[in-house]
file target-v8.csv (CSV, C-alpha atoms)
chain,number,residue,atom,x,y,z
H,1,MET,CA,-48.2,3.5,20.9
H,2,LYS,CA,-47.3,7.2,21.0
H,3,SER,CA,-46.6,9.4,18.0
H,4,ALA,CA,-45.4,12.9,17.4
H,5,THR,CA,-45.2,14.9,14.1
H,6,GLU,CA,-43.5,18.2,13.2
H,7,TYR,CA,-42.8,20.0,10.0
H,8,LEU,CA,-39.6,21.9,9.6
H,9,THR,CA,-39.4,24.6,6.9
H,10,PHE,CA,-36.2,25.8,5.2
H,11,GLU,CA,-35.5,28.8,2.9
H,12,THR,CA,-31.8,28.7,2.3
H,13,LYS,CA,-29.9,31.7,1.1
H,14,GLN,CA,-27.8,29.7,-1.3
H,15,ARG,CA,-29.1,27.3,-4.0
H,16,ARG,CA,-27.2,24.5,-2.2
H,17,GLU,CA,-26.7,24.3,1.5
H,18,LEU,CA,-26.3,21.8,4.3
H,19,VAL,CA,-28.3,22.5,7.4
H,20,ARG,CA,-27.6,20.6,10.6
H,21,ILE,CA,-30.9,19.5,12.2
H,22,THR,CA,-29.8,17.0,14.9
H,23,GLU,CA,-30.9,19.3,17.7
H,24,ARG,CA,-34.3,19.9,16.2
H,25,VAL,CA,-34.9,16.2,15.8
H,26,ALA,CA,-33.8,15.6,19.4
H,27,ALA,CA,-36.2,18.3,20.6
H,28,LEU,CA,-39.2,16.6,19.0
H,29,VAL,CA,-38.2,13.3,20.5
H,30,GLN,CA,-38.0,14.9,23.9
H,31,ARG,CA,-41.4,16.5,23.5
H,32,SER,CA,-43.0,13.2,22.3
H,33,GLY,CA,-42.3,11.4,25.6
H,34,ILE,CA,-41.2,8.3,23.6
H,35,ALA,CA,-38.7,6.2,25.4
H,36,GLU,CA,-38.2,3.4,22.8
H,37,GLY,CA,-39.0,3.8,19.1
H,38,MET,CA,-37.9,5.5,15.9
H,39,VAL,CA,-38.1,8.9,14.3
H,40,LEU,CA,-38.4,9.3,10.6
H,41,VAL,CA,-36.6,12.4,9.1
H,42,SER,CA,-37.9,12.9,5.6
H,43,ALA,CA,-37.7,15.7,3.0
H,44,MET,CA,-41.1,16.5,1.4
H,45,HIS,CA,-39.4,17.7,-1.8
H,46,ILE,CA,-37.7,15.8,-4.6
H,47,THR,CA,-34.8,18.2,-4.9
H,48,ALA,CA,-33.5,17.9,-1.3
H,49,GLY,CA,-31.9,15.1,0.7
H,50,VAL,CA,-31.4,14.0,4.3
H,51,PHE,CA,-28.3,12.2,5.5
H,52,VAL,CA,-26.3,11.3,8.6
H,53,ASN,CA,-22.6,12.1,8.5
H,54,ASP,CA,-19.7,14.0,10.2
H,55,ASP,CA,-20.1,17.7,10.9
H,56,GLU,CA,-16.7,18.7,9.5
H,57,PRO,CA,-16.5,21.6,7.0
H,58,GLY,CA,-13.7,20.0,4.9
H,59,LEU,CA,-15.8,16.9,4.5
H,60,HIS,CA,-18.8,18.9,3.5
H,61,ASP,CA,-16.7,20.5,0.7
H,62,ASP,CA,-15.7,17.1,-0.4
H,63,ILE,CA,-19.4,16.0,-0.4
H,64,TRP,CA,-20.4,18.9,-2.6
H,65,THR,CA,-17.5,18.2,-5.1
H,66,TRP,CA,-18.4,14.6,-5.2
H,67,LEU,CA,-22.1,15.2,-5.7
H,68,GLU,CA,-21.3,17.6,-8.5
H,69,GLY,CA,-19.1,15.0,-10.2
H,70,LEU,CA,-21.8,12.2,-10.0
H,71,ALA,CA,-24.9,14.3,-10.7
H,72,PRO,CA,-23.7,17.5,-12.4
H,73,ARG,CA,-25.5,20.6,-13.4
H,74,ALA,CA,-26.2,20.0,-17.1
H,75,ASP,CA,-28.9,20.1,-19.8
H,76,TYR,CA,-31.5,17.5,-18.8
H,77,ARG,CA,-34.7,16.5,-20.6
H,78,HIS,CA,-36.5,17.5,-17.5
H,79,HIS,CA,-35.6,21.1,-18.4
H,80,ARG,CA,-38.1,21.0,-21.3
H,81,THR,CA,-40.8,21.6,-18.7
H,82,GLY,CA,-39.2,24.9,-17.9
H,83,GLU,CA,-37.3,23.7,-14.8
H,84,ASP,CA,-33.5,24.0,-14.5
H,85,ASN,CA,-33.0,21.6,-11.5
H,86,GLY,CA,-32.5,18.2,-13.1
H,87,ASP,CA,-29.3,17.8,-11.2
H,88,ALA,CA,-31.1,18.4,-7.9
H,89,HIS,CA,-33.5,15.4,-8.6
H,90,LEU,CA,-30.5,13.2,-9.3
H,91,LYS,CA,-28.6,14.4,-6.2
H,92,ASN,CA,-31.8,13.5,-4.2
H,93,LEU,CA,-31.8,10.0,-5.6
H,94,LEU,CA,-28.1,9.6,-4.8
H,95,VAL,CA,-28.2,10.9,-1.2
H,96,HIS,CA,-31.7,9.9,-0.5
H,97,HIS,CA,-34.4,12.0,1.1
H,98,GLN,CA,-34.8,10.3,4.5
H,99,VAL,CA,-33.2,8.6,7.4
H,100,ILE,CA,-34.6,6.8,10.4
H,101,VAL,CA,-33.0,7.5,13.8
H,102,PRO,CA,-33.5,5.0,16.7
H,103,ILE,CA,-34.8,6.3,20.0
H,104,THR,CA,-33.4,4.6,23.2
H,105,LYS,CA,-34.2,5.7,26.7
H,106,GLY,CA,-35.9,8.8,25.4
H,107,LYS,CA,-32.9,10.0,23.3
H,108,LEU,CA,-31.7,9.9,19.7
H,109,ASP,CA,-29.4,6.8,19.7
H,110,LEU,CA,-26.7,8.1,17.4
H,111,GLY,CA,-23.0,7.2,17.3
H,112,PRO,CA,-20.5,9.8,18.5
H,113,TRP,CA,-19.8,11.5,15.1
H,114,GLN,CA,-23.3,11.1,13.6
H,115,ALA,CA,-25.1,14.3,12.9
H,116,ILE,CA,-28.3,14.7,10.9
H,117,PHE,CA,-28.2,17.1,7.9
H,118,TYR,CA,-30.8,18.5,5.6
H,119,ALA,CA,-29.2,18.9,2.1
H,120,GLU,CA,-30.7,21.6,0.0
H,121,PHE,CA,-30.1,21.1,-3.8
H,122,ASP,CA,-32.5,23.7,-5.1
H,123,GLY,CA,-33.1,26.3,-2.4
H,124,GLN,CA,-33.9,30.0,-2.1
H,125,ARG,CA,-37.5,29.1,-1.7
H,126,THR,CA,-39.6,27.5,1.0
H,127,LYS,CA,-39.2,23.7,1.4
H,128,ARG,CA,-40.6,21.4,4.0
H,129,LEU,CA,-39.4,18.3,5.9
H,130,ILE,CA,-41.4,16.0,8.1
H,131,LEU,CA,-40.4,14.5,11.5
H,132,LYS,CA,-42.5,11.6,12.6
H,133,ALA,CA,-41.7,9.7,15.8
H,134,ILE,CA,-43.4,6.5,16.9
H,135,GLY,CA,-42.8,4.3,19.9
H,136,ASP,CA,-43.7,3.8,23.5
T,1,MET,CA,-46.0,-2.1,21.5
T,2,LYS,CA,-43.0,-4.2,22.0
T,3,SER,CA,-39.4,-3.2,21.3
T,4,ALA,CA,-36.0,-4.8,21.5
T,5,THR,CA,-32.5,-3.3,21.0
T,6,GLU,CA,-29.1,-4.8,20.5
T,7,TYR,CA,-25.7,-3.4,19.6
T,8,LEU,CA,-23.4,-5.4,17.4
T,9,THR,CA,-19.6,-4.7,17.4
T,10,PHE,CA,-17.2,-5.3,14.6
T,11,GLU,CA,-13.4,-5.2,14.4
T,12,THR,CA,-12.6,-6.3,10.9
T,13,LYS,CA,-9.1,-7.6,10.0
T,14,GLN,CA,-9.1,-5.8,6.7
T,15,ARG,CA,-9.7,-2.1,6.1
T,16,ARG,CA,-12.7,-3.0,3.9
T,17,GLU,CA,-14.9,-6.0,4.5
T,18,LEU,CA,-18.4,-7.2,4.0
T,19,VAL,CA,-19.9,-9.1,7.0
T,20,ARG,CA,-23.1,-11.0,6.6
T,21,ILE,CA,-25.4,-10.3,9.6
T,22,THR,CA,-28.8,-11.7,8.5
T,23,GLU,CA,-28.8,-14.4,11.2
T,24,ARG,CA,-27.9,-12.0,14.0
T,25,VAL,CA,-30.8,-9.7,13.0
T,26,ALA,CA,-33.1,-12.8,12.8
T,27,ALA,CA,-32.0,-13.9,16.3
T,28,LEU,CA,-32.9,-10.5,17.8
T,29,VAL,CA,-36.3,-10.6,16.2
T,30,GLN,CA,-36.9,-14.1,17.6
T,31,ARG,CA,-35.9,-13.0,21.1
T,32,SER,CA,-38.1,-9.8,20.8
T,33,GLY,CA,-41.3,-11.9,20.6
T,34,ILE,CA,-42.5,-9.4,17.9
T,35,ALA,CA,-44.9,-11.0,15.4
T,36,GLU,CA,-45.7,-7.9,13.2
T,37,GLY,CA,-43.4,-4.9,12.9
T,38,MET,CA,-40.0,-3.7,11.6
T,39,VAL,CA,-36.4,-3.9,12.6
T,40,LEU,CA,-34.0,-1.1,11.9
T,41,VAL,CA,-30.4,-2.1,11.1
T,42,SER,CA,-28.2,1.0,11.3
T,43,ALA,CA,-24.5,1.6,11.5
T,44,MET,CA,-23.5,4.0,14.3
T,45,HIS,CA,-20.4,5.2,12.3
T,46,ILE,CA,-20.1,7.4,9.3
T,47,THR,CA,-17.5,5.3,7.5
T,48,ALA,CA,-19.6,2.1,7.3
T,49,GLY,CA,-22.7,1.0,5.4
T,50,VAL,CA,-25.5,-1.5,5.6
T,51,PHE,CA,-27.2,-3.0,2.6
T,52,VAL,CA,-29.4,-5.9,1.4
T,53,ASN,CA,-28.1,-7.8,-1.6
T,54,ASP,CA,-27.1,-11.2,-2.9
T,55,ASP,CA,-24.5,-13.3,-0.9
T,56,GLU,CA,-22.4,-14.1,-4.0
T,57,PRO,CA,-18.6,-13.6,-3.9
T,58,GLY,CA,-18.3,-12.5,-7.5
T,59,LEU,CA,-20.9,-9.9,-7.0
T,60,HIS,CA,-19.2,-8.7,-3.8
T,61,ASP,CA,-16.0,-8.2,-5.9
T,62,ASP,CA,-18.0,-6.2,-8.4
T,63,ILE,CA,-19.5,-4.1,-5.6
T,64,TRP,CA,-16.0,-3.2,-4.2
T,65,THR,CA,-14.7,-2.3,-7.7
T,66,TRP,CA,-17.8,-0.2,-8.4
T,67,LEU,CA,-17.6,1.6,-5.0
T,68,GLU,CA,-13.9,2.3,-5.6
T,69,GLY,CA,-14.8,3.8,-9.0
T,70,LEU,CA,-17.5,6.1,-7.7
T,71,ALA,CA,-15.9,7.1,-4.4
T,72,PRO,CA,-12.2,6.4,-4.8
T,73,ARG,CA,-9.4,6.7,-2.3
T,74,ALA,CA,-7.9,10.1,-3.0
T,75,ASP,CA,-6.7,13.3,-1.4
T,76,TYR,CA,-9.7,14.9,0.2
T,77,ARG,CA,-10.1,18.2,2.1
T,78,HIS,CA,-11.3,16.1,5.1
T,79,HIS,CA,-7.7,14.8,5.3
T,80,ARG,CA,-6.5,18.2,6.6
T,81,THR,CA,-8.0,17.1,10.0
T,82,GLY,CA,-5.4,14.3,10.1
T,83,GLU,CA,-7.9,11.6,8.8
T,84,ASP,CA,-7.2,9.5,5.7
T,85,ASN,CA,-10.7,8.1,5.3
T,86,GLY,CA,-12.6,10.6,3.1
T,87,ASP,CA,-13.5,7.9,0.6
T,88,ALA,CA,-15.1,5.9,3.4
T,89,HIS,CA,-17.4,8.8,4.2
T,90,LEU,CA,-18.5,9.0,0.5
T,91,LYS,CA,-18.9,5.3,0.2
T,92,ASN,CA,-21.2,5.5,3.3
T,93,LEU,CA,-23.3,8.2,1.6
T,94,LEU,CA,-23.5,6.1,-1.6
T,95,VAL,CA,-24.5,2.8,0.0
T,96,HIS,CA,-26.3,4.2,3.0
T,97,HIS,CA,-25.9,3.3,6.6
T,98,GLN,CA,-29.2,1.6,7.3
T,99,VAL,CA,-32.0,-0.6,6.1
T,100,ILE,CA,-35.4,-1.5,7.6
T,101,VAL,CA,-36.5,-5.1,7.5
T,102,PRO,CA,-40.2,-6.0,7.8
T,103,ILE,CA,-41.2,-8.6,10.4
T,104,THR,CA,-44.1,-10.9,9.5
T,105,LYS,CA,-45.4,-13.8,11.7
T,106,GLY,CA,-42.3,-13.5,13.9
T,107,LYS,CA,-39.7,-13.7,11.2
T,108,LEU,CA,-37.7,-11.4,8.9
T,109,ASP,CA,-39.8,-11.0,5.8
T,110,LEU,CA,-37.0,-11.1,3.2
T,111,GLY,CA,-37.1,-12.2,-0.4
T,112,PRO,CA,-35.2,-15.5,-1.3
T,113,TRP,CA,-31.9,-13.9,-2.3
T,114,GLN,CA,-32.0,-11.0,0.2
T,115,ALA,CA,-29.2,-11.1,2.7
T,116,ILE,CA,-28.2,-8.3,5.1
T,117,PHE,CA,-24.6,-7.0,5.1
T,118,TYR,CA,-22.5,-4.7,7.2
T,119,ALA,CA,-20.1,-3.0,4.9
T,120,GLU,CA,-16.9,-1.8,6.6
T,121,PHE,CA,-15.1,1.0,4.8
T,122,ASP,CA,-12.5,1.9,7.4
T,123,GLY,CA,-12.0,-1.0,9.8
T,124,GLN,CA,-9.3,-2.6,11.9
T,125,ARG,CA,-10.9,-0.8,14.9
T,126,THR,CA,-14.0,-1.3,16.9
T,127,LYS,CA,-17.2,-0.1,15.3
T,128,ARG,CA,-20.9,-0.5,16.4
T,129,LEU,CA,-24.2,-1.1,14.8
T,130,ILE,CA,-27.7,-0.8,16.4
T,131,LEU,CA,-30.6,-3.2,15.9
T,132,LYS,CA,-33.9,-1.8,17.0
T,133,ALA,CA,-37.1,-3.8,16.5
T,134,ILE,CA,-40.6,-2.4,17.2
T,135,GLY,CA,-44.0,-4.0,16.7
T,136,ASP,CA,-46.6,-6.2,18.4
B,1,MET,CA,-50.6,-1.0,17.7
B,2,LYS,CA,-52.1,-1.8,14.3
B,3,SER,CA,-50.3,-3.4,11.4
B,4,ALA,CA,-51.2,-4.3,7.8
B,5,THR,CA,-49.2,-6.1,5.2
B,6,GLU,CA,-49.6,-6.6,1.4
B,7,TYR,CA,-47.4,-8.1,-1.3
B,8,LEU,CA,-47.5,-6.5,-4.8
B,9,THR,CA,-46.3,-8.5,-7.8
B,10,PHE,CA,-44.9,-7.1,-11.0
B,11,GLU,CA,-44.1,-8.7,-14.3
B,12,THR,CA,-42.9,-5.8,-16.5
B,13,LYS,CA,-42.9,-6.1,-20.3
B,14,GLN,CA,-39.5,-4.4,-20.6
B,15,ARG,CA,-36.3,-5.4,-18.8
B,16,ARG,CA,-36.3,-1.9,-17.2
B,17,GLU,CA,-39.4,0.0,-16.3
B,18,LEU,CA,-40.7,2.5,-13.7
B,19,VAL,CA,-44.1,1.7,-12.2
B,20,ARG,CA,-46.0,4.3,-10.2
B,21,ILE,CA,-47.3,2.7,-7.0
B,22,THR,CA,-48.4,5.7,-4.9
B,23,GLU,CA,-52.1,4.8,-5.2
B,24,ARG,CA,-51.6,1.2,-4.2
B,25,VAL,CA,-49.6,2.2,-1.1
B,26,ALA,CA,-52.4,4.7,-0.2
B,27,ALA,CA,-55.0,2.0,-0.6
B,28,LEU,CA,-53.3,-0.3,1.9
B,29,VAL,CA,-53.0,2.6,4.4
B,30,GLN,CA,-56.7,3.3,4.0
B,31,ARG,CA,-57.6,-0.3,4.6
B,32,SER,CA,-55.3,-0.5,7.6
B,33,GLY,CA,-57.2,2.0,9.6
B,34,ILE,CA,-53.9,3.5,10.8
B,35,ALA,CA,-54.2,7.2,11.6
B,36,GLU,CA,-50.6,7.9,12.7
B,37,GLY,CA,-47.6,5.7,11.7
B,38,MET,CA,-45.4,4.7,8.9
B,39,VAL,CA,-45.6,2.4,5.9
B,40,LEU,CA,-42.5,0.6,4.6
B,41,VAL,CA,-42.3,0.1,0.8
B,42,SER,CA,-39.6,-2.5,0.1
B,43,ALA,CA,-38.6,-4.5,-2.9
B,44,MET,CA,-38.1,-8.2,-2.1
B,45,HIS,CA,-35.5,-8.6,-4.9
B,46,ILE,CA,-32.0,-7.4,-5.3
B,47,THR,CA,-32.3,-6.2,-8.8
B,48,ALA,CA,-35.1,-3.7,-8.3
B,49,GLY,CA,-35.4,-0.4,-6.5
B,50,VAL,CA,-38.0,1.8,-4.8
B,51,PHE,CA,-37.8,5.6,-4.8
B,52,VAL,CA,-39.8,8.8,-4.3
B,53,ASN,CA,-39.5,11.4,-7.0
B,54,ASP,CA,-41.4,13.4,-9.6
B,55,ASP,CA,-43.8,11.8,-12.1
B,56,GLU,CA,-42.4,13.6,-15.1
B,57,PRO,CA,-41.5,11.6,-18.2
B,58,GLY,CA,-38.5,13.7,-19.2
B,59,LEU,CA,-37.0,13.3,-15.7
B,60,HIS,CA,-37.6,9.6,-15.9
B,61,ASP,CA,-35.5,9.5,-19.1
B,62,ASP,CA,-32.8,11.5,-17.3
B,63,ILE,CA,-32.9,9.0,-14.4
B,64,TRP,CA,-32.4,6.0,-16.8
B,65,THR,CA,-29.5,7.7,-18.6
B,66,TRP,CA,-27.9,8.6,-15.3
B,67,LEU,CA,-28.3,5.1,-13.9
B,68,GLU,CA,-26.8,3.6,-17.0
B,69,GLY,CA,-23.8,6.0,-16.7
B,70,LEU,CA,-23.1,5.2,-13.0
B,71,ALA,CA,-23.9,1.4,-13.1
B,72,PRO,CA,-23.7,0.4,-16.8
B,73,ARG,CA,-24.4,-2.9,-18.4
B,74,ALA,CA,-21.0,-4.6,-18.7
B,75,ASP,CA,-19.1,-7.8,-18.0
B,76,TYR,CA,-19.2,-8.4,-14.3
B,77,ARG,CA,-17.6,-11.2,-12.2
B,78,HIS,CA,-21.2,-12.0,-11.1
B,79,HIS,CA,-21.8,-13.2,-14.6
B,80,ARG,CA,-19.6,-16.3,-14.0
B,81,THR,CA,-22.6,-17.7,-12.2
B,82,GLY,CA,-24.6,-17.7,-15.4
B,83,GLU,CA,-26.4,-14.4,-14.6
B,84,ASP,CA,-26.3,-11.3,-16.8
B,85,ASN,CA,-27.7,-8.8,-14.4
B,86,GLY,CA,-24.7,-7.4,-12.5
B,87,ASP,CA,-25.7,-3.9,-13.5
B,88,ALA,CA,-29.1,-4.4,-11.9
B,89,HIS,CA,-27.6,-5.3,-8.6
B,90,LEU,CA,-25.5,-2.1,-8.7
B,91,LYS,CA,-28.5,0.0,-9.7
B,92,ASN,CA,-30.3,-1.5,-6.7
B,93,LEU,CA,-27.5,-0.3,-4.4
B,94,LEU,CA,-27.5,3.1,-6.0
B,95,VAL,CA,-31.2,3.8,-5.9
B,96,HIS,CA,-32.0,1.6,-2.8
B,97,HIS,CA,-34.7,-0.9,-2.5
B,98,GLN,CA,-37.0,0.8,0.0
B,99,VAL,CA,-38.6,4.0,1.3
B,100,ILE,CA,-40.7,4.7,4.4
B,101,VAL,CA,-43.7,7.0,4.0
B,102,PRO,CA,-45.2,8.7,7.0
B,103,ILE,CA,-48.9,8.3,7.7
B,104,THR,CA,-50.7,11.4,9.2
B,105,LYS,CA,-54.5,11.6,9.8
B,106,GLY,CA,-55.0,8.3,8.0
B,107,LYS,CA,-53.2,9.4,4.7
B,108,LEU,CA,-49.8,9.2,3.1
B,109,ASP,CA,-48.0,12.4,4.2
B,110,LEU,CA,-46.2,13.2,0.9
B,111,GLY,CA,-45.1,16.5,-0.5
B,112,PRO,CA,-47.0,17.9,-3.5
B,113,TRP,CA,-44.6,16.4,-6.1
B,114,GLN,CA,-43.6,13.2,-4.3
B,115,ALA,CA,-44.8,10.0,-6.1
B,116,ILE,CA,-43.6,6.5,-5.2
B,117,PHE,CA,-42.0,4.3,-7.9
B,118,TYR,CA,-41.1,0.7,-8.2
B,119,ALA,CA,-37.9,0.6,-10.4
B,120,GLU,CA,-37.5,-2.6,-12.3
B,121,PHE,CA,-33.9,-3.3,-13.4
B,122,ASP,CA,-34.2,-6.9,-14.5
B,123,GLY,CA,-37.8,-7.6,-15.3
B,124,GLN,CA,-39.9,-9.8,-17.7
B,125,ARG,CA,-40.4,-12.2,-14.8
B,126,THR,CA,-42.4,-12.1,-11.6
B,127,LYS,CA,-41.0,-9.9,-8.8
B,128,ARG,CA,-42.5,-9.0,-5.4
B,129,LEU,CA,-42.6,-6.0,-3.2
B,130,ILE,CA,-43.8,-5.8,0.4
B,131,LEU,CA,-45.9,-3.0,2.0
B,132,LYS,CA,-45.9,-3.1,5.8
B,133,ALA,CA,-47.8,-0.4,7.7
B,134,ILE,CA,-47.6,0.1,11.5
B,135,GLY,CA,-49.1,2.7,13.7
B,136,ASP,CA,-52.2,3.5,15.7

call {"tool": "encode", "arguments": {"input": "target-v8.csv", "output": "structure tokens"}}
result
Amino acid sequence: MKSATEYLTFETKQRRELVRITERVAALVQRSGIAEGMVLVSAMHITAGVFVNDDEPGLHDDIWTWLEGLAPRADYRHHRTGEDNGDAHLKNLLVHHQVIVPITKGKLDLGPWQAIFYAEFDGQRTKRLILKAIGD
Amino acid sequence: MKSATEYLTFETKQRRELVRITERVAALVQRSGIAEGMVLVSAMHITAGVFVNDDEPGLHDDIWTWLEGLAPRADYRHHRTGEDNGDAHLKNLLVHHQVIVPITKGKLDLGPWQAIFYAEFDGQRTKRLILKAIGD
Amino acid sequence: MKSATEYLTFETKQRRELVRITERVAALVQRSGIAEGMVLVSAMHITAGVFVNDDEPGLHDDIWTWLEGLAPRADYRHHRTGEDNGDAHLKNLLVHHQVIVPITKGKLDLGPWQAIFYAEFDGQRTKRLILKAIGD
């Protein structure tokens, strides 16, 4: 079995931002030499998400509006600790912090419109994400 | 390490439909000869989901009602591209497009009421899903 | 390839409860002797979830309030079967029943605030969860 690991770091300019990372995941898979396997793409923070969806700006606006409706900025009990990011924790639960991408014949085996995004819910500081590929 | 890959295709009669796929996933695992490992079940489209839940028709009605409440058909910015399936993208984010099923002693290691479903949110056309098993 | 499997059982005193399981997952990984790989943490029931988030009591209260808002106890069609746990099935879909944790240099590779929780949505009876680690 082969494995390969890489840590990506993000420091977004906005508090909330979507960052396309498909190409960075593909680059790790190529370096790994893995032909058949899987790569885990997983945020290492609890106020960020990872998802696979369409790279279309109108849809991205829709996603932000939708997330704000279901997990709004508000006054949370978590804020008694001095934090102000309760909504970011809930958005993380809603969107999830990880995806697994299959590797076939040495490449990410994604559908034609599937792109991988890091979703920052509480940025403007350094955050990390792990890529871990395993296979043969 | 062993691996096995299969692509399932769906062309549902309805725009929205749940399709039970437990047996098709189990059949791939059997063919793979893998005794201990995992199988990834992942939609290759961004307007479909995969989940594990109960195979009970009343519950399935509840799930559709609930999904329509949290990610309704509506006028989305994504529709400026000519699409009309913004809700299907949001339902995909809510339900997720993939699950991992553990393989133990050559079989899917599911609980007694766990069944695997493909959830079509924008059907009546050909869609694909990948099964990728790895293990020993 | 190495693998290791363990089943955890829970019988919570309350109908709904969060149980921290980070240390139990770490113990399996240590016993497995796997240096590089992944561990799947997956509920074997359809009325429980697994998630990674902060171990902060105020946030946990926020999560319960939020879950009750998006997937409330109510009268569901599923209840015609004699069950009364339709909300627990929907909470399971919302939160998801599994996470994958990367293993690096023999340890769970989590971020500083990431803890793993079993989320019971319909407890006071015996429920199971599977841990399955694979790697080298």

call {"tool": "atom_distance", "arguments": {"input": "target-v8.csv", "atom1": "atom CA of Leu93 of chain B", "atom2": "atom CA of Asn53 of chain T"}}
result
8.0 Å

call {"tool": "atom_distance", "arguments": {"input": "target-v8.csv", "atom1": "atom CA of Arg20 of chain H", "atom2": "atom CA of Asp55 of chain H"}}
result
8.0 Å

call {"tool": "interface_residues", "arguments": {"input": "target-v8.csv", "of": "chain T", "to": "chain H", "cutoff": "7 Å", "atoms": "all atoms listed in the file", "output": "MDAnalysis selection string"}}
result
chainID T and resid 1 3 44:46 76:78 93:94 132 134

call {"tool": "atom_distance", "arguments": {"input": "target-v8.csv", "atom1": "atom CA of Leu18 of chain T", "atom2": "atom CA of Ala119 of chain T"}}
result
4.6 Å

call {"tool": "closest_residue", "arguments": {"input": "target-v8.csv", "among": "H:Gln124, H:Thr47, H:Gln30, H:Thr22", "to": "Leu90 of chain H", "atoms": "all atoms listed in the file"}}
result
H:Thr47

call {"tool": "closest_residue", "arguments": {"input": "target-v8.csv", "among": "T:Gly123, T:Gly82, T:Gly33, T:Gly49", "to": "His97 of chain T", "atoms": "only C-alpha atoms"}}
result
T:Gly49

call {"tool": "residues_near_point", "arguments": {"input": "target-v8.csv", "point": "(-27.2, 15.4, -12.2)", "cutoff": "8 Å", "atoms": "only C-alpha atoms", "output": "PyMOL selection string"}}
result
(chain H and resi 68+70-74+86-91) or (chain B and resi 66)

call {"tool": "build_atoms", "arguments": {"input": "target-v8.csv", "residues": "segment 132-136 of chain H", "atoms": "all heavy atoms", "output": "PDB file, in the frame of the given file"}}
result
ATOM      1  N   LYS H 132     -41.439  12.408  12.045  1.00  0.00           N
ATOM      2  CA  LYS H 132     -42.500  11.600  12.600  1.00  0.00           C
ATOM      3  C   LYS H 132     -41.920  10.536  13.510  1.00  0.00           C
ATOM      4  O   LYS H 132     -41.169   9.655  13.064  1.00  0.00           O
ATOM      5  CB  LYS H 132     -43.268  10.897  11.428  1.00  0.00           C
ATOM      6  CG  LYS H 132     -44.273   9.847  11.803  1.00  0.00           C
ATOM      7  CD  LYS H 132     -45.660  10.359  12.106  1.00  0.00           C
ATOM      8  CE  LYS H 132     -46.336  10.965  10.904  1.00  0.00           C
ATOM      9  NZ  LYS H 132     -47.750  11.377  11.261  1.00  0.00           N
ATOM     10  N   ALA H 133     -42.199  10.651  14.798  1.00  0.00           N
ATOM     11  CA  ALA H 133     -41.700   9.700  15.800  1.00  0.00           C
ATOM     12  C   ALA H 133     -42.801   8.759  16.191  1.00  0.00           C
ATOM     13  O   ALA H 133     -43.945   9.178  16.382  1.00  0.00           O
ATOM     14  CB  ALA H 133     -41.162  10.451  17.010  1.00  0.00           C
ATOM     15  N   ILE H 134     -42.472   7.467  16.312  1.00  0.00           N
ATOM     16  CA  ILE H 134     -43.400   6.500  16.900  1.00  0.00           C
ATOM     17  C   ILE H 134     -42.708   5.614  17.876  1.00  0.00           C
ATOM     18  O   ILE H 134     -41.500   5.402  17.779  1.00  0.00           O
ATOM     19  CB  ILE H 134     -44.104   5.614  15.773  1.00  0.00           C
ATOM     20  CG1 ILE H 134     -43.090   4.739  15.049  1.00  0.00           C
ATOM     21  CG2 ILE H 134     -44.866   6.469  14.774  1.00  0.00           C
ATOM     22  CD1 ILE H 134     -43.733   3.719  14.105  1.00  0.00           C
ATOM     23  N   GLY H 135     -43.448   5.142  18.864  1.00  0.00           N
ATOM     24  CA  GLY H 135     -42.800   4.300  19.900  1.00  0.00           C
ATOM     25  C   GLY H 135     -43.682   4.251  21.142  1.00  0.00           C
ATOM     26  O   GLY H 135     -44.865   4.550  21.109  1.00  0.00           O
ATOM     27  N   ASP H 136     -43.022   3.926  22.232  1.00  0.00           N
ATOM     28  CA  ASP H 136     -43.700   3.800  23.500  1.00  0.00           C
ATOM     29  C   ASP H 136     -43.050   4.528  24.611  1.00  0.00           C
ATOM     30  O   ASP H 136     -41.840   4.652  24.628  1.00  0.00           O
ATOM     31  CB  ASP H 136     -43.772   2.266  23.870  1.00  0.00           C
ATOM     32  CG  ASP H 136     -45.207   1.736  23.877  1.00  0.00           C
ATOM     33  OD1 ASP H 136     -46.133   2.526  23.668  1.00  0.00           O
ATOM     34  OD2 ASP H 136     -45.374   0.518  24.068  1.00  0.00           O
TER      35      ASP H 136
END
